[in-house]
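> Contents of model.cif (mmCIF, C-alpha atoms):
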data_work
loop_
_atom_site.label_atom_id
_atom_site.label_comp_id
_atom_site.auth_asym_id
_atom_site.auth_seq_id
_atom_site.Cartn_x
_atom_site.Cartn_y
_atom_site.Cartn_z
CA MET A 1 0.00 0.00 0.00
CA ARG A 2 2.81 2.39 0.91
CA THR A 3 4.64 1.50 -2.29
CA LYS A 4 1.54 2.32 -4.31
CA ARG A 5 1.16 5.69 -2.59
CA LYS A 6 4.80 6.52 -3.23
CA ALA A 7 4.43 5.59 -6.90
CA VAL A 8 1.35 7.84 -7.20
CA LYS A 9 3.21 10.73 -5.55
CA ILE A 10 6.21 10.26 -7.85
CA ILE A 11 3.95 10.29 -10.92
CA LEU A 12 2.18 13.43 -9.68
CA TYR A 13 5.50 15.17 -9.00
CA VAL A 14 6.76 14.26 -12.47
CA LEU A 15 3.57 15.54 -14.12
CA LEU A 16 3.65 18.78 -12.12
CA THR A 17 7.32 19.27 -12.98
CA CYS A 18 6.58 18.77 -16.67
CA LEU A 19 3.69 21.25 -16.51
CA ALA A 20 5.91 23.77 -14.73
CA VAL A 21 8.58 23.42 -17.43
CA ILE A 22 5.94 23.89 -20.15
CA MET A 23 4.70 27.03 -18.39
CA LEU A 24 8.24 28.42 -18.27
CA VAL A 25 8.94 27.88 -21.99
CA PRO A 26 7.37 31.21 -23.13
CA PHE A 27 9.39 33.09 -20.51
CA TYR A 28 12.57 31.36 -21.63
CA TRP A 29 11.79 32.23 -25.25
CA MET A 30 11.25 35.87 -24.29
CA VAL A 31 14.55 36.08 -22.38
CA ILE A 32 16.59 34.29 -25.04
CA SER A 33 14.99 36.39 -27.81
CA SER A 34 16.05 39.54 -25.99
CA LEU A 35 19.66 38.39 -26.46
CA LYS A 36 19.36 37.81 -30.22
CA LEU A 37 19.62 40.02 -33.25
CA ASN A 38 16.27 41.22 -34.57
CA LYS A 39 16.55 39.05 -37.70
CA ASP A 40 17.12 35.91 -35.60
CA VAL A 41 14.11 36.21 -33.29
CA PHE A 42 11.71 34.45 -35.69
CA SER A 43 14.28 32.43 -37.58
CA ILE A 44 13.17 29.07 -39.01
CA PRO A 45 14.02 26.58 -37.63
CA MET A 46 13.83 28.19 -34.22
CA LYS A 47 17.12 28.39 -32.32
CA TRP A 48 16.71 27.69 -28.63
CA TRP A 49 20.21 29.03 -28.05
CA PRO A 50 21.70 31.67 -30.39
CA GLU A 51 25.19 31.34 -31.78
CA THR A 52 26.12 34.72 -30.34
CA LEU A 53 24.53 36.57 -27.44
CA HIS A 54 23.83 40.29 -27.66
CA PRO A 55 23.38 41.66 -24.12
CA GLU A 56 23.88 45.16 -25.53
CA ASN A 57 20.16 45.09 -26.40
CA TYR A 58 19.47 45.92 -22.76
CA SER A 59 21.58 49.08 -22.94
CA VAL A 60 20.27 50.15 -26.35
CA ILE A 61 16.61 50.24 -25.29
CA TRP A 62 17.30 52.83 -22.58
CA LYS A 63 18.95 55.09 -25.16
CA LYS A 64 16.30 54.71 -27.84
CA LEU A 65 13.40 55.69 -25.60
CA PRO A 66 12.96 57.49 -22.23
CA LEU A 67 12.15 54.20 -20.51
CA VAL A 68 13.18 55.57 -17.11
CA THR A 69 10.37 58.13 -17.33
CA PHE A 70 7.94 55.45 -18.52
CA PHE A 71 8.91 53.13 -15.64
CA LEU A 72 8.50 55.92 -13.07
CA ASN A 73 5.08 56.81 -14.49
CA THR A 74 3.98 53.19 -14.37
CA LEU A 75 5.31 52.79 -10.83
CA LYS A 76 3.45 55.92 -9.72
CA LEU A 77 0.17 54.76 -11.23
CA THR A 78 0.53 51.21 -9.92
CA VAL A 79 1.53 52.05 -6.34
CA CYS A 80 -1.09 54.78 -5.92
CA THR A 81 -3.87 52.66 -7.40
CA THR A 82 -2.91 49.60 -5.35
CA VAL A 83 -2.76 51.51 -2.05
CA ILE A 84 -6.05 53.33 -2.66
CA GLN A 85 -7.79 50.16 -3.82
CA LEU A 86 -6.58 48.27 -0.74
CA CYS A 87 -7.94 50.99 1.55
CA THR A 88 -11.33 51.25 -0.15
CA SER A 89 -11.73 47.47 -0.45
CA CYS A 90 -10.82 46.81 3.19
CA PHE A 91 -13.12 49.51 4.56
CA ALA A 92 -16.02 48.43 2.33
CA ALA A 93 -15.48 44.75 3.14
CA TYR A 94 -15.54 45.52 6.86
CA GLY A 95 -18.81 47.39 6.47
CA PHE A 96 -20.38 44.53 4.50
CA THR A 97 -19.36 41.89 7.06
CA LYS A 98 -19.09 43.34 10.58
CA CYS A 99 -21.58 46.22 10.45
CA ARG A 100 -25.31 45.59 10.42
CA PHE A 101 -27.54 48.00 8.52
CA LYS A 102 -30.71 47.74 6.47
CA GLY A 103 -30.18 46.55 2.90
CA ARG A 104 -26.56 45.55 3.48
CA ASP A 105 -26.72 42.27 1.57
CA THR A 106 -28.78 43.80 -1.26
CA ILE A 107 -26.29 46.64 -1.75
CA PHE A 108 -23.39 44.18 -1.70
CA LEU A 109 -25.11 41.94 -4.27
CA MET A 110 -25.73 44.91 -6.58
CA TYR A 111 -22.12 46.05 -6.20
CA VAL A 112 -20.60 42.63 -6.85
CA THR A 113 -22.82 42.14 -9.89
CA THR A 114 -20.82 44.86 -11.64
CA ILE A 115 -17.92 42.39 -11.90
CA ALA A 116 -19.83 40.67 -14.71
CA VAL A 117 -19.97 43.89 -16.76
CA PRO A 118 -17.01 44.10 -19.18
CA TRP A 119 -15.00 47.31 -19.19
CA GLN A 120 -15.68 47.72 -22.92
CA VAL A 121 -19.38 48.24 -22.15
CA TYR A 122 -18.89 51.42 -20.10
CA MET A 123 -15.58 52.49 -21.64
CA VAL A 124 -17.08 55.33 -23.74
CA PRO A 125 -19.33 56.81 -20.97
CA GLN A 126 -16.41 56.63 -18.58
CA PHE A 127 -14.16 58.46 -21.03
CA ILE A 128 -16.79 61.18 -21.50
CA LEU A 129 -17.15 61.57 -17.72
CA VAL A 130 -13.39 61.80 -17.14
CA SER A 131 -13.03 64.29 -20.01
CA LYS A 132 -15.79 66.54 -18.63
CA MET A 133 -14.05 66.48 -15.24
CA GLY A 134 -10.90 67.76 -16.94
CA LEU A 135 -8.88 64.70 -15.92
CA ASN A 136 -8.13 63.43 -19.41
CA ASP A 137 -4.42 63.05 -20.22
CA SER A 138 -3.51 62.92 -16.53
CA HIS A 139 -2.43 60.28 -14.05
CA ILE A 140 -5.09 61.35 -11.55
CA GLY A 141 -7.84 60.34 -13.96
CA LEU A 142 -6.41 56.84 -14.38
CA ILE A 143 -5.92 56.43 -10.63
CA LEU A 144 -9.45 57.52 -9.74
CA MET A 145 -10.96 55.20 -12.34
CA GLN A 146 -9.40 52.18 -10.64
CA ALA A 147 -9.64 53.36 -7.03
CA PHE A 148 -12.70 51.18 -6.36
CA SER A 149 -12.87 47.49 -7.16
CA ALA A 150 -15.88 45.22 -6.74
CA PHE A 151 -13.58 42.22 -7.06
CA GLY A 152 -11.35 43.58 -4.29
CA VAL A 153 -14.31 44.11 -1.97
CA PHE A 154 -15.59 40.61 -2.71
CA LEU A 155 -12.16 39.04 -2.11
CA ILE A 156 -11.56 40.84 1.20
CA ARG A 157 -15.14 40.29 2.38
CA GLN A 158 -14.91 36.55 1.85
CA PHE A 159 -11.87 36.49 4.12
CA TYR A 160 -13.38 38.78 6.76
CA ILE A 161 -16.35 36.41 7.04
CA SER A 162 -13.99 33.81 8.51
CA ILE A 163 -13.09 36.18 11.37
CA PRO A 164 -15.44 35.39 14.29
CA ASP A 165 -17.96 38.08 15.12
CA GLU A 166 -17.33 37.32 18.80
CA LEU A 167 -13.97 39.06 18.55
CA CYS A 168 -15.64 42.26 17.37
CA GLU A 169 -18.38 41.99 20.00
CA ALA A 170 -15.80 41.58 22.75
CA ALA A 171 -13.94 44.64 21.47
CA ARG A 172 -17.17 46.68 21.48
CA ILE A 173 -17.80 45.65 25.09
CA ASP A 174 -14.28 46.84 25.92
CA GLY A 175 -15.16 50.25 24.49
CA LEU A 176 -13.59 50.18 21.03
CA ASN A 177 -15.39 52.02 18.25
CA GLU A 178 -15.79 50.57 14.76
CA PHE A 179 -12.60 52.13 13.43
CA GLY A 180 -10.66 50.81 16.42
CA ILE A 181 -12.05 47.31 15.87
CA PHE A 182 -11.08 47.47 12.23
CA ARG A 183 -7.58 48.83 12.91
CA LYS A 184 -6.63 46.61 15.86
CA ILE A 185 -8.43 43.33 15.11
CA VAL A 186 -9.78 42.87 11.59
CA PHE A 187 -7.08 44.67 9.61
CA PRO A 188 -4.09 42.74 11.10
CA LEU A 189 -5.84 39.40 10.52
CA GLY A 190 -6.51 40.25 6.87
CA LYS A 191 -2.89 40.25 5.65
CA PRO A 192 -3.23 37.14 3.43
CA ALA A 193 -6.28 38.58 1.65
CA MET A 194 -4.57 41.96 1.24
CA ALA A 195 -1.46 40.27 -0.15
CA THR A 196 -3.60 38.45 -2.70
CA LEU A 197 -5.36 41.66 -3.72
CA THR A 198 -2.00 43.46 -3.91
CA ILE A 199 -0.65 40.89 -6.35
CA PHE A 200 -3.75 41.01 -8.56
CA THR A 201 -4.05 44.81 -8.54
CA PHE A 202 -0.34 45.48 -9.03
CA THR A 203 -0.16 43.05 -11.93
CA ASN A 204 -3.30 44.37 -13.65
CA VAL A 205 -2.39 48.04 -13.35
CA TRP A 206 1.27 47.50 -14.28
CA ASN A 207 0.33 45.54 -17.40
CA ASP A 208 -2.60 47.77 -18.36
CA PHE A 209 -2.34 48.87 -21.97
CA MET A 210 -5.80 50.00 -23.07
CA GLY A 211 -6.35 52.49 -20.23
CA PRO A 212 -3.13 54.50 -20.75
CA LEU A 213 -3.53 54.21 -24.52
CA ILE A 214 -6.97 55.87 -24.38
CA TYR A 215 -6.35 58.50 -21.70
CA LEU A 216 -2.68 59.47 -22.01
CA LYS A 217 -1.57 61.51 -25.01
CA THR A 218 1.50 63.35 -23.69
CA LYS A 219 4.71 61.40 -24.16
CA GLU A 220 6.06 62.39 -20.73
CA LEU A 221 3.01 60.80 -19.05
CA LYS A 222 3.00 57.48 -20.87
CA THR A 223 3.63 54.12 -19.22
CA VAL A 224 6.13 51.39 -19.95
CA GLN A 225 3.57 49.32 -21.87
CA LEU A 226 3.02 52.18 -24.28
CA GLY A 227 6.77 52.68 -24.43
CA ILE A 228 7.33 49.08 -25.54
CA ARG A 229 4.83 49.66 -28.33
CA MET A 230 7.02 52.50 -29.64
CA PHE A 231 9.52 49.90 -30.85
CA ILE A 232 6.89 48.97 -33.46
CA SER A 233 7.12 51.35 -36.40
CA GLN A 234 5.01 51.69 -39.54
CA TYR A 235 7.32 49.47 -41.59
CA GLY A 236 8.57 46.95 -39.06
CA ALA A 237 9.27 46.07 -35.45
CA ASP A 238 12.46 45.61 -33.42
CA TYR A 239 11.42 42.39 -31.70
CA ALA A 240 14.73 41.87 -29.90
CA TRP A 241 14.40 45.28 -28.23
CA ILE A 242 10.72 44.59 -27.50
CA MET A 243 11.68 41.38 -25.71
CA ALA A 244 14.45 43.13 -23.77
CA ALA A 245 12.03 45.86 -22.61
CA SER A 246 9.43 43.20 -21.75
CA VAL A 247 11.93 41.37 -19.56
CA CYS A 248 12.73 44.61 -17.74
CA SER A 249 9.03 45.37 -17.25
CA LEU A 250 8.50 41.90 -15.78
CA ILE A 251 11.03 42.37 -12.96
CA PRO A 252 8.84 44.58 -10.67
CA ILE A 253 5.96 42.10 -10.90
CA VAL A 254 8.26 39.23 -9.90
CA ILE A 255 9.57 41.27 -6.96
CA VAL A 256 6.05 42.06 -5.72
CA PHE A 257 4.94 38.45 -6.06
CA LEU A 258 7.96 37.12 -4.16
CA SER A 259 7.44 39.75 -1.45
CA CYS A 260 3.76 38.84 -0.95
CA GLN A 261 4.15 35.11 -1.53
CA ARG A 262 4.46 34.21 2.16
CA PHE A 263 1.14 35.88 3.01
CA PHE A 264 -0.41 34.67 -0.22
CA VAL A 265 -0.04 30.99 0.65
CA GLU A 266 -0.27 30.95 4.42
CA GLY A 267 -3.42 30.25 6.43
CA VAL A 268 -4.45 32.39 9.33
CA ALA A 269 -5.96 31.19 12.58
CA ALA A 270 -8.53 33.95 12.90
CA SER A 271 -10.20 32.64 16.04
CA GLY A 272 -8.88 33.86 19.37
CA ILE A 273 -11.57 32.17 21.46
CA LYS A 274 -10.75 29.39 23.85
CA GLY A 275 -13.39 26.76 24.34
#
Mind converting the file's structure to structure tokens?


Amino acid sequence: MRTKRKAVKIILYVLLTCLAVIMLVPFYWMVISSLKLNKDVFSIPMKWWPETLHPENYSVIWKKLPLVTFFLNTLKLTVCTTVIQLCTSCFAAYGFTKCRFKGRDTIFLMYVTTIAVPWQVYMVPQFILVSKMGLNDSHIGLILMQAFSAFGVFLIRQFYISIPDELCEAARIDGLNEFGIFRKIVFPLGKPAMATLTIFTFTNVWNDFMGPLIYLKTKELKTVQLGIRMFISQYGADYAWIMAASVCSLIPIVIVFLSCQRFFVEGVAASGIKG
């Protein structure tokens, strides 16, 4: 019986390893293409390892375009949006779980239903609204558009439900107000959910292309995703430089994921009640 279980585990580990390798193939192709000449990127047959490496591609891209400015713009948008979205989602989730008021569940259901509405449906009305507010071609407009997230509220709320209401009731008896309960009890216990939302929000905002493309016209305000597109001209594209810039743009996402990974995978014992 033990031998059979070991054999099953070995097979599962082998399958998972193979799947992991398959998942990493596109990333390997991107990295290795960034070290090739432009004419060799789509050579047939495909070369998994070029005859000569060209690491100078990584220095050329910074000279061809103001990528430093693009990276700083993207970092500004991403950090501000992530922080604001975390705050609004946590406060709203606390209200929908630990505060009792008439119509709470109905309001939450209506709010969460908006997740099913694609952005393309309200893209034009949203653009008109932002333009009339005078926030077109500005970072503030993009930040405010993504400051509230129904998905973020839903994600945080589902975690806050697992926190026993008895903890909040005991805190109220001790004299804490709602903000004190949120700050001292609920907020510290919600780190795993916040880490998950941080990863999702940071990745989505950092990789966003359509939003900046529609709202940002000034070159000094553009993001790194729009900057990468500038390597595509009317008559061709410098794919080696595109891959090099893509590798550079991937680094911050990897750093954020590795930083939040511990909270992302860990479980939290939310109950502080002894039987």

> Evaluate the PyMOL selection byres ((chain A and resi 194-205) around 7) and record the selected residues as a PDB file with C-alpha atoms, in the coordinates of the input, following the chain and residue labels used in the document.


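Listing of selection-v1.pdb after writing:
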ATOM      1  CA  THR A  78       0.530  51.210  -9.920  1.00  0.00           C
ATOM      2  CA  THR A  82      -2.910  49.600  -5.350  1.00  0.00           C
ATOM      3  CA  LEU A  86      -6.580  48.270  -0.740  1.00  0.00           C
ATOM      4  CA  GLY A 152     -11.350  43.580  -4.290  1.00  0.00           C
ATOM      5  CA  GLY A 190      -6.510  40.250   6.870  1.00  0.00           C
ATOM      6  CA  LYS A 191      -2.890  40.250   5.650  1.00  0.00           C
ATOM      7  CA  PRO A 192      -3.230  37.140   3.430  1.00  0.00           C
ATOM      8  CA  ALA A 193      -6.280  38.580   1.650  1.00  0.00           C
ATOM      9  CA  TRP A 206       1.270  47.500 -14.280  1.00  0.00           C
ATOM     10  CA  ASN A 207       0.330  45.540 -17.400  1.00  0.00           C
ATOM     11  CA  ASP A 208      -2.600  47.770 -18.360  1.00  0.00           C
ATOM     12  CA  ILE A 253       5.960  42.100 -10.900  1.00  0.00           C
ATOM     13  CA  VAL A 256       6.050  42.060  -5.720  1.00  0.00           C
ATOM     14  CA  PHE A 257       4.940  38.450  -6.060  1.00  0.00           C
ATOM     15  CA  CYS A 260       3.760  38.840  -0.950  1.00  0.00           C
ATOM     16  CA  PHE A 263       1.140  35.880   3.010  1.00  0.00           C
ATOM     17  CA  PHE A 264      -0.410  34.670  -0.220  1.00  0.00           C
TER      18      PHE A 264
END

> Which value, in Å to one decimal, gives the distance between atom CA of A:Ile140 and atom CA of A:Thr113?

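Straight-line distance from atom CA of A:Ile140 to atom CA of A:Thr113 works out to 26.2 Å.
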
> Using only C-alpha atoms for the distances, tell me which of A:Ile44, A:Ile228, A:Leu142, A:Ala240 is nearest to A:Tyr215.

A:Leu142

> Could you please determine the separation between atom CA of A:Cys248 and atom CA of A:Leu67 in Å, to one decimal place?

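Distance reported for this atom pair: 10.0 Å.
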
> Selection in question (the file shown): the PyMOL selection byres ((chain A and resi 65) around 12). Which residues does it include, as a list in words?

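So the PyMOL selection byres ((chain A and resi 65) around 12) ends up selecting Tyr58, Ser59, Val60, Ile61, Trp62, Lys63, Lys64, Pro66, Leu67, Val68, Thr69, Phe70, Phe71, Lys219, Glu220, Lys222, Thr223, Val224, Leu226, Gly227, Ile228, Arg229, Met230, Phe231, Trp241, Ile242 and Ala245 of chain A.
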
> On this structure, which residues satisfy the PyMOL selection byres ((chain A and resi 162-168) around 10), written as JSON, numbers by chain?

{"A": [97, 98, 99, 157, 158, 159, 160, 161, 169, 170, 171, 172, 173, 174, 176, 177, 178, 180, 181, 182, 185, 186, 189, 190, 268, 269, 270, 271, 272, 273]}

> Separation of atom CA of A:Leu24 and atom CA of A:Thr52, in Å?

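Straight-line distance from atom CA of A:Leu24 to atom CA of A:Thr52 works out to 22.5 Å.
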
> How big is the axis-aligned box around the listed atoms of stretch 193-204 of chain A once 8 Å is added on each side, and where is its centre? Give both in Å to one decimal, as lines of an AutoDock Vina configuration file.


center_x = -3.2
center_y = 42.0
center_z = -6.0
size_x = 22.1
size_y = 23.0
size_z = 31.3

> Quick one: residues within 9 Å of A:Val112, only C-alpha atoms counted, chain neighbours fewer than 5 positions away excluded, as a list of chain:residue names?

A:Ile107, A:Ala150, A:Phe151, A:Val153, A:Phe154

> Which residue gives the smallest distance to A:Pro55 among A:Leu15, A:Ile251, A:Ala244, A:Ile232, with only C-alpha atoms counted?

A:Ala244
